[in-house]
Structures are given as C-alpha cells and as structure tokens.
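Peer 1: Sharing input26.txt here; it has compact mmCIF, C-alpha atoms.
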# COMPACT_ATOMS: atom_id res chain seq x y z
CA MET Y 1 22.39 -49.33 23.25
CA LYS Y 2 25.85 -50.91 23.53
CA TYR Y 3 27.40 -49.13 20.55
CA LYS Y 4 27.28 -45.53 19.38
CA ASN Y 5 29.24 -46.01 16.15
CA TYR Y 6 28.47 -48.60 13.48
CA VAL Y 7 31.30 -48.89 10.96
CA PHE Y 8 30.27 -50.68 7.78
CA ASP Y 9 32.02 -52.35 4.92
CA LEU Y 10 30.10 -51.73 1.69
CA TYR Y 11 30.37 -54.38 -1.03
CA GLY Y 12 29.20 -57.76 0.20
CA THR Y 13 27.80 -56.20 3.36
CA LEU Y 14 25.31 -53.52 2.33
CA ILE Y 15 25.52 -53.78 -1.47
CA ASP Y 16 25.33 -57.02 -3.44
CA ILE Y 17 27.40 -56.60 -6.59
CA ARG Y 18 28.97 -58.74 -9.29
CA THR Y 19 31.63 -57.38 -11.63
CA ASP Y 20 33.92 -58.75 -14.31
CA GLU Y 21 36.83 -56.48 -15.14
CA TRP Y 22 38.64 -58.86 -17.45
CA SER Y 23 36.08 -59.92 -20.06
CA ALA Y 24 37.10 -59.48 -23.69
CA GLN Y 25 33.82 -57.69 -24.39
CA LEU Y 26 34.58 -55.05 -21.76
CA TRP Y 27 38.03 -54.29 -23.17
CA LYS Y 28 36.73 -54.21 -26.75
CA LYS Y 29 34.23 -51.52 -25.72
CA MET Y 30 36.85 -49.55 -23.80
CA ALA Y 31 39.30 -49.76 -26.72
CA THR Y 32 36.61 -48.35 -29.02
CA LEU Y 33 35.91 -45.53 -26.57
CA TYR Y 34 39.59 -44.64 -26.23
CA GLY Y 35 39.82 -44.66 -30.01
CA TYR Y 36 37.07 -42.03 -30.21
CA TYR Y 37 39.43 -39.69 -28.38
CA GLY Y 38 42.50 -40.51 -30.47
CA ALA Y 39 44.11 -43.02 -28.07
CA HIS Y 40 44.22 -46.10 -30.30
CA TYR Y 41 44.60 -49.56 -28.77
CA THR Y 42 43.67 -53.09 -29.67
CA TYR Y 43 41.56 -54.51 -26.87
CA LYS Y 44 44.32 -56.89 -25.83
CA GLU Y 45 46.87 -54.09 -25.83
CA LEU Y 46 44.56 -51.94 -23.70
CA GLY Y 47 43.96 -54.66 -21.11
CA LYS Y 48 47.70 -55.34 -20.87
CA ALA Y 49 48.51 -51.65 -20.52
CA TYR Y 50 45.86 -51.25 -17.83
CA GLY Y 51 47.36 -54.06 -15.76
CA GLU Y 52 50.87 -52.67 -16.13
CA LEU Y 53 49.77 -49.18 -15.10
CA VAL Y 54 47.93 -50.52 -12.05
CA ASP Y 55 51.15 -52.24 -10.99
CA ARG Y 56 53.09 -49.02 -11.58
CA GLU Y 57 50.72 -47.04 -9.39
CA LYS Y 58 50.96 -49.64 -6.64
CA ARG Y 59 54.75 -49.37 -6.66
CA ALA Y 60 54.50 -45.59 -6.42
CA VAL Y 61 52.15 -45.79 -3.43
CA ARG Y 62 54.48 -48.25 -1.67
CA ARG Y 63 57.35 -45.81 -2.15
CA ARG Y 64 55.30 -42.95 -0.69
CA HIS Y 65 53.90 -45.00 2.19
CA PRO Y 66 56.33 -47.73 3.28
CA GLU Y 67 54.48 -47.80 6.63
CA TYR Y 68 51.31 -49.22 5.03
CA THR Y 69 50.91 -52.99 4.93
CA VAL Y 70 47.94 -52.93 2.53
CA ILE Y 71 47.81 -50.19 -0.10
CA ASP Y 72 45.33 -48.88 -2.64
CA ILE Y 73 45.62 -46.63 -5.67
CA LYS Y 74 43.54 -43.94 -7.35
CA ILE Y 75 42.28 -45.74 -10.44
CA GLU Y 76 41.67 -42.48 -12.29
CA LYS Y 77 45.45 -42.10 -12.57
CA VAL Y 78 45.51 -45.31 -14.59
CA PHE Y 79 42.74 -44.20 -16.92
CA ARG Y 80 44.51 -40.88 -17.45
CA ALA Y 81 47.82 -42.60 -18.20
CA LEU Y 82 46.10 -44.75 -20.83
CA PHE Y 83 45.46 -41.50 -22.70
CA THR Y 84 48.81 -39.83 -22.14
CA GLN Y 85 50.94 -42.78 -23.22
CA LYS Y 86 49.20 -42.46 -26.59
CA GLY Y 87 49.94 -38.73 -26.74
CA VAL Y 88 46.44 -37.56 -25.75
CA ARG Y 89 45.89 -35.01 -22.97
CA PRO Y 90 42.36 -35.55 -21.62
CA LYS Y 91 40.30 -33.20 -19.50
CA LYS Y 92 39.72 -34.21 -15.89
CA ALA Y 93 36.00 -34.63 -16.58
CA THR Y 94 36.76 -37.02 -19.46
CA VAL Y 95 38.94 -39.22 -17.25
CA LEU Y 96 36.20 -39.42 -14.61
CA GLU Y 97 33.64 -40.30 -17.28
CA PHE Y 98 35.88 -43.13 -18.49
CA CYS Y 99 36.07 -44.46 -14.93
CA GLU Y 100 32.28 -44.41 -14.73
CA VAL Y 101 31.85 -46.09 -18.11
CA PHE Y 102 34.35 -48.79 -17.17
CA ARG Y 103 32.45 -49.49 -13.96
CA CYS Y 104 29.13 -49.57 -15.80
CA PHE Y 105 30.40 -51.94 -18.50
CA SER Y 106 32.02 -54.26 -15.94
CA THR Y 107 29.04 -54.47 -13.55
CA LYS Y 108 26.72 -57.43 -14.03
CA PHE Y 109 24.31 -56.29 -11.33
CA ILE Y 110 24.16 -54.14 -8.22
CA LYS Y 111 21.51 -53.89 -5.51
CA LEU Y 112 21.04 -53.53 -1.77
CA TYR Y 113 20.69 -56.69 0.27
CA ASP Y 114 17.24 -57.23 1.74
CA GLY Y 115 17.03 -55.63 5.15
CA VAL Y 116 19.76 -53.01 4.69
CA THR Y 117 17.49 -49.96 4.86
CA GLU Y 118 15.68 -51.47 7.86
CA LEU Y 119 19.01 -52.03 9.62
CA LEU Y 120 20.25 -48.51 8.96
CA ASP Y 121 16.89 -46.99 9.93
CA THR Y 122 16.99 -48.93 13.20
CA ILE Y 123 20.48 -47.67 14.00
CA LYS Y 124 19.43 -44.09 13.36
CA ALA Y 125 16.19 -44.47 15.31
CA ASN Y 126 18.23 -45.61 18.30
CA GLY Y 127 20.59 -42.65 18.12
CA GLY Y 128 23.50 -44.49 16.51
CA ARG Y 129 25.96 -43.05 14.04
CA VAL Y 130 26.83 -44.79 10.79
CA TYR Y 131 30.25 -44.78 9.13
CA LEU Y 132 31.69 -46.31 5.97
CA LEU Y 133 35.13 -47.92 5.82
CA SER Y 134 35.34 -49.40 2.34
CA ASN Y 135 38.10 -50.87 0.22
CA ALA Y 136 36.91 -49.15 -2.92
CA GLN Y 137 37.46 -46.51 -5.60
CA ARG Y 138 35.80 -43.16 -5.00
CA THR Y 139 35.13 -42.74 -8.74
CA PHE Y 140 32.99 -45.90 -8.58
CA THR Y 141 31.64 -45.85 -5.04
CA GLU Y 142 30.39 -42.29 -4.74
CA ASN Y 143 27.97 -42.85 -7.63
CA GLU Y 144 26.85 -46.22 -6.27
CA LEU Y 145 26.16 -44.81 -2.81
CA ASN Y 146 23.98 -42.16 -4.40
CA MET Y 147 22.29 -44.60 -6.76
CA THR Y 148 21.33 -47.00 -3.95
CA GLY Y 149 20.19 -44.22 -1.63
CA LEU Y 150 22.81 -44.95 1.04
CA THR Y 151 24.66 -41.63 1.10
CA PRO Y 152 22.33 -39.79 3.55
CA TYR Y 153 22.74 -42.52 6.17
CA PHE Y 154 26.46 -41.96 6.69
CA ASP Y 155 27.87 -39.63 9.32
CA GLY Y 156 31.34 -40.16 7.89
CA ILE Y 157 32.90 -41.92 4.91
CA CYS Y 158 36.40 -43.31 4.31
CA ILE Y 159 37.24 -44.80 0.92
CA SER Y 160 40.55 -46.59 0.50
CA SER Y 161 41.51 -44.97 -2.80
CA ASP Y 162 41.49 -41.57 -1.07
CA GLU Y 163 43.77 -42.81 1.72
CA GLU Y 164 45.94 -45.06 -0.49
CA CYS Y 165 45.52 -47.60 2.32
CA SER Y 166 43.11 -50.52 2.73
CA LYS Y 167 41.67 -52.84 5.35
CA PRO Y 168 42.93 -54.72 7.30
CA ASP Y 169 45.78 -52.22 7.72
CA PRO Y 170 45.32 -50.52 11.13
CA HIS Y 171 46.41 -47.21 9.58
CA TYR Y 172 43.17 -47.21 7.60
CA PHE Y 173 41.00 -47.89 10.65
CA ARG Y 174 42.89 -45.17 12.52
CA ALA Y 175 42.23 -42.66 9.74
CA LEU Y 176 38.46 -43.07 10.20
CA PHE Y 177 38.57 -42.99 13.99
CA GLU Y 178 40.82 -39.93 14.21
CA ARG Y 179 38.96 -38.00 11.52
CA TYR Y 180 35.58 -38.39 13.20
CA GLY Y 181 36.67 -38.63 16.84
CA LEU Y 182 35.40 -42.16 17.41
CA GLU Y 183 36.12 -44.15 20.58
CA LYS Y 184 36.98 -47.82 20.17
CA GLU Y 185 34.83 -49.06 23.06
CA GLU Y 186 31.78 -47.35 21.52
CA SER Y 187 32.28 -48.81 18.03
CA ILE Y 188 31.63 -51.99 16.05
CA MET Y 189 32.83 -53.03 12.59
CA ILE Y 190 30.30 -54.83 10.38
CA GLY Y 191 31.52 -56.70 7.31
CA ASN Y 192 31.57 -59.83 5.19
CA ASP Y 193 35.32 -60.43 4.87
CA TYR Y 194 36.86 -62.42 7.71
CA ILE Y 195 40.33 -60.99 7.06
CA SER Y 196 39.84 -57.39 5.90
CA ASP Y 197 36.85 -56.48 8.05
CA ILE Y 198 36.93 -58.85 10.99
CA GLY Y 199 40.64 -59.52 11.34
CA GLY Y 200 41.33 -55.83 10.81
CA ALA Y 201 38.83 -54.87 13.51
CA ALA Y 202 40.29 -57.40 15.95
CA ASP Y 203 43.83 -56.14 15.39
CA PHE Y 204 42.65 -52.55 15.80
CA GLY Y 205 40.90 -53.44 19.05
CA ILE Y 206 37.19 -53.04 18.27
CA ASP Y 207 34.23 -55.41 18.30
CA SER Y 208 32.87 -56.79 15.04
CA LEU Y 209 29.90 -58.49 13.44
CA TYR Y 210 30.58 -60.88 10.56
CA ILE Y 211 27.91 -61.61 7.97
CA HIS Y 212 28.64 -64.34 5.45
CA GLN Y 213 27.41 -63.66 1.92
CA ALA Y 214 27.80 -65.47 -1.38
CA ILE Y 215 30.71 -63.22 -2.36
CA SER Y 216 32.49 -63.52 1.00
CA PRO Y 217 35.97 -65.07 0.82
CA GLU Y 218 36.18 -68.66 2.00
CA ILE Y 219 37.05 -68.78 5.69
CA LYS Y 220 40.39 -70.59 5.98
CA SER Y 221 41.48 -69.54 9.45
CA GLU Y 222 40.02 -68.30 12.74
CA LEU Y 223 36.92 -66.10 12.48
CA ARG Y 224 37.60 -63.46 15.12
CA SER Y 225 34.21 -61.73 15.16
CA THR Y 226 32.27 -60.77 18.28
CA TYR Y 227 29.00 -61.76 16.56
CA THR Y 228 28.26 -63.84 13.46
CA VAL Y 229 25.49 -64.26 10.90
CA MET Y 230 26.38 -67.16 8.65
CA ASP Y 231 23.35 -67.26 6.34
CA GLY Y 232 23.48 -63.72 4.92
CA ASP Y 233 20.27 -62.62 6.67
CA VAL Y 234 20.63 -58.89 7.35
CA PHE Y 235 17.52 -58.91 9.52
CA LYS Y 236 19.40 -61.12 12.00
CA MET Y 237 21.90 -58.33 12.49
CA ILE Y 238 19.05 -56.11 13.72
CA ALA Y 239 18.10 -58.78 16.24
CA ILE Y 240 21.70 -59.18 17.42
CA LEU Y 241 22.37 -55.46 17.79
CA PHE Y 242 19.00 -54.28 19.07
CA GLY Y 243 17.05 -57.37 20.15
Take the structure from the file and write it as structure tokens.
Peer 2:
Amino acid sequence: MKYKNYVFDLYGTLIDIRTDEWSAQLWKKMATLYGYYGAHYTYKELGKAYGELVDREKRAVRRRHPEYTVIDIKIEKVFRALFTQKGVRPKKATVLEFCEVFRCFSTKFIKLYDGVTELLDTIKANGGRVYLLSNAQRTFTENELNMTGLTPYFDGICISSDEECSKPDPHYFRALFERYGLEKEESIMIGNDYISDIGGAADFGIDSLYIHQAISPEIKSELRSTYTVMDGDVFKMIAILFG
C-alpha cells in the first residue's frame, strides 16, 4: 500500500449535500423561532443582521490570526449575538439548538455518495488510517458525521471552525499533520475542490486525488492532482488506490 494516511474533504467528496441559506422561507422560520425567545426580528432584518455579524466575526479572526490566508469563524457566535443584540441572554444549549435548526431548515438533502462506505472499508481493511480535513462548522458537521455513520471511520478530525483557518491555507493542513503525527510522504488528500483540496495539498507538499462532482467548483486553472476521477464515480477511487 503506497499510502498510510487518507485525508478526506467531506462535503462534495464523501457527503452529497445541497443547502440554501438565503431563502426567504428559511429566514421567516428563524425569525419566528427567535421571537419565541423574546428576540424579535422581521425576517429581512434577521437575515441582514446575520450577514453583518458574520462579517464582524471574520474581521475579529483576521485580527487574531494575521498569519492565516484563509479564515473561518465559529458560527455559534453569530447565533448568540443575534440574541444578545436584542437584549436576550440565551443558554449555551439554546444557541447550539438554533445552529442545528438553521442547518436543518437550510438543507434540501444530504446523503453519502455511492461507494463511500466501500472505499472507507477498503482503506481500513488494508491497514490505512482515515482523517478528515473539512472546511465546515462543527455545530453542523458533527451531527452529520454521526447521522451518516461516518464518525467511526475517522482516526482524526479537523474542522475549520475549530481552527479558525480553512483550506487551502497551509496552516490548516499543518494543524492536522502535527496533531496526529502524520508524515507527508505517507499521506494523500482526497477532495472535490481543485483549489481548496488539491491546490492546498500541492502547496503543502502531499499527493492528492481529485474527484469531480456536481457541486465541485468549475475548474478555471491548472488541476494539480496526482490522480483524477472526472465522472464522480467513487468506486474508481478504490481502483486507483488499491487496484
């Protein structure tokens, strides 16, 4: 086996998901829910405040981490601030529940791609270790890993909201590799984004496998992957890695 460590992106690579975070219906529901707790917004006011608070959190992260080229935020801070700017002091559990409800309301569908469990089972059967390096929010992703049955497969997990840093920033790759003691020459990045996953892996100095899915960004520059699957067939990754 050429690789010992298989570092996966999540959304668009293992999980097929569609979300819409800016529909009027979503913000009407969220405004009603905030109103139940005494934080009264019109749905348009709530959506505007959400966007402004996201921008505020991004500025704060950039001040704390000027060394990062690509940052992320903890979205629960935004949902908490939506309460506090209306004079409401929510419990931590309430804020997390609002994050979960928002994700539920904004998700059109979520499922594993065909072949994902077979791929992960094959890696494990061959003695490989599986890691997650995802640009994601822990308050969303932890539940979705459990729901799809993926959690037990991972030997280590990095989620960008925890690190306040995202792919393709090499600081984020380094966080995973240093935390779990991974060696570059023993590792491969597997993802569906030619910039975040593949470009990030190339800049960090590790091999990569690119899989193109319907939600992959359009490729507008060089695809720097070691291996490619252009038709979204996960089973082909098994053949490439273990054939």
Peer 1: Set the distance at 7 Å and use all atoms listed in the file: which residues neighbour segment 226-229 of chain Y once local chain neighbours fewer than 6 positions away are removed? I'd like the list as a ChimeraX atom specification.
Peer 2: /Y:207-212,236
Peer 1: Save out the residues we just selected, C-alpha atoms, as a PDB file, in the frame of the given file.
Peer 2:
ATOM      1  CA  ASP Y 207      34.230 -55.410  18.300  1.00  0.00           C
ATOM      2  CA  SER Y 208      32.870 -56.790  15.040  1.00  0.00           C
ATOM      3  CA  LEU Y 209      29.900 -58.490  13.440  1.00  0.00           C
ATOM      4  CA  TYR Y 210      30.580 -60.880  10.560  1.00  0.00           C
ATOM      5  CA  ILE Y 211      27.910 -61.610   7.970  1.00  0.00           C
ATOM      6  CA  HIS Y 212      28.640 -64.340   5.450  1.00  0.00           C
ATOM      7  CA  LYS Y 236      19.400 -61.120  12.000  1.00  0.00           C
TER       8      LYS Y 236
END
Peer 1: At a cut-off of 12 Å, using all atoms listed in the file, what residues contact Pro152 of chain Y? Leave out same-chain residues fewer than 2 positions from it and give the result as a list of chain:residue names.
Peer 2: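 Non-adjacent residues within range: Y:Thr117, Y:Leu120, Y:Asp121, Y:Lys124, Y:Arg129, Y:Val130, Y:Tyr131, Y:Leu132, Y:Glu142, Y:Leu145, Y:Asn146, Y:Met147, Y:Thr148, Y:Gly149, Y:Leu150, Y:Phe154, Y:Asp155, Y:Gly156, Y:Ile157.
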Peer 1: Write out as a list in words each polymer residue whose atoms come within 6 Å of Ser160 of chain Y, counting all atoms listed in the file; drop sequence neighbours fewer than 6 positions from it.
Peer 2: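 So the residues in contact are Asn135, Ala136 and Ser166 of chain Y.
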Peer 1: Using only C-alpha atoms, find the one residue out of Y:Ile198, Y:Ala93, Y:Ala175, Y:Val78 that sits nearest to Glu163 of chain Y.
Peer 2: Y:Ala175
Peer 1: Could you please determine the separation between atom CA of Ala214 of chain Y and atom CA of Tyr113 of chain Y in Å, to one decimal place?
Peer 2: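 Going from atom CA of Ala214 of chain Y over to atom CA of Tyr113 of chain Y covers 11.4 Å.
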Peer 1: Using all atoms listed in the file, find the one residue out of Y:Tyr50, Y:Phe109, Y:Phe98, Y:Phe83 that sits nearest to Ile15 of chain Y.
Peer 2: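 Once distances to Ile15 of chain Y are computed over all atoms listed in the file, the minimum belongs to Y:Phe109.
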Peer 1: As a ChimeraX atom specification, please: the residues near segment 64-67 of chain Y (cut-off 9 Å, only C-alpha atoms, same-chain neighbours under 2 positions excluded).
Peer 2: /Y:59-62,69,71,164-165,171
Peer 1: For the point (32.1, -50.8, -18.7) in the file's frame, write as a compact mmCIF listing (two decimals) with C-alpha atoms, keeping the file's coordinate frame all residues with an atom no more than 12 Å away, counting all atoms listed in the file.
Peer 2:
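Final output, point.txt:
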# COMPACT_ATOMS: atom_id res chain seq x y z
CA THR Y 19 31.63 -57.38 -11.63
CA ASP Y 20 33.92 -58.75 -14.31
CA GLU Y 21 36.83 -56.48 -15.14
CA TRP Y 22 38.64 -58.86 -17.45
CA SER Y 23 36.08 -59.92 -20.06
CA ALA Y 24 37.10 -59.48 -23.69
CA GLN Y 25 33.82 -57.69 -24.39
CA LEU Y 26 34.58 -55.05 -21.76
CA TRP Y 27 38.03 -54.29 -23.17
CA LYS Y 28 36.73 -54.21 -26.75
CA LYS Y 29 34.23 -51.52 -25.72
CA MET Y 30 36.85 -49.55 -23.80
CA ALA Y 31 39.30 -49.76 -26.72
CA THR Y 32 36.61 -48.35 -29.02
CA LEU Y 33 35.91 -45.53 -26.57
CA GLU Y 97 33.64 -40.30 -17.28
CA PHE Y 98 35.88 -43.13 -18.49
CA CYS Y 99 36.07 -44.46 -14.93
CA GLU Y 100 32.28 -44.41 -14.73
CA VAL Y 101 31.85 -46.09 -18.11
CA PHE Y 102 34.35 -48.79 -17.17
CA ARG Y 103 32.45 -49.49 -13.96
CA CYS Y 104 29.13 -49.57 -15.80
CA PHE Y 105 30.40 -51.94 -18.50
CA SER Y 106 32.02 -54.26 -15.94
CA THR Y 107 29.04 -54.47 -13.55
CA LYS Y 108 26.72 -57.43 -14.03
CA PHE Y 140 32.99 -45.90 -8.58
Peer 1: Just the number, please: distance in Å from atom CA of Gly205 of chain Y to atom CA of Pro170 of chain Y, one decimal.
Peer 2: 9.5 Å
Peer 1: Closest to Met189 of chain Y among Y:Asp162, Y:Asp203, Y:Asp231, Y:Asp72, using all atoms listed in the file?
Peer 2: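 Checking each of Y:Asp162, Y:Asp203, Y:Asp231, Y:Asp72 against Met189 of chain Y, counting all atoms listed in the file, the winner is Y:Asp203.
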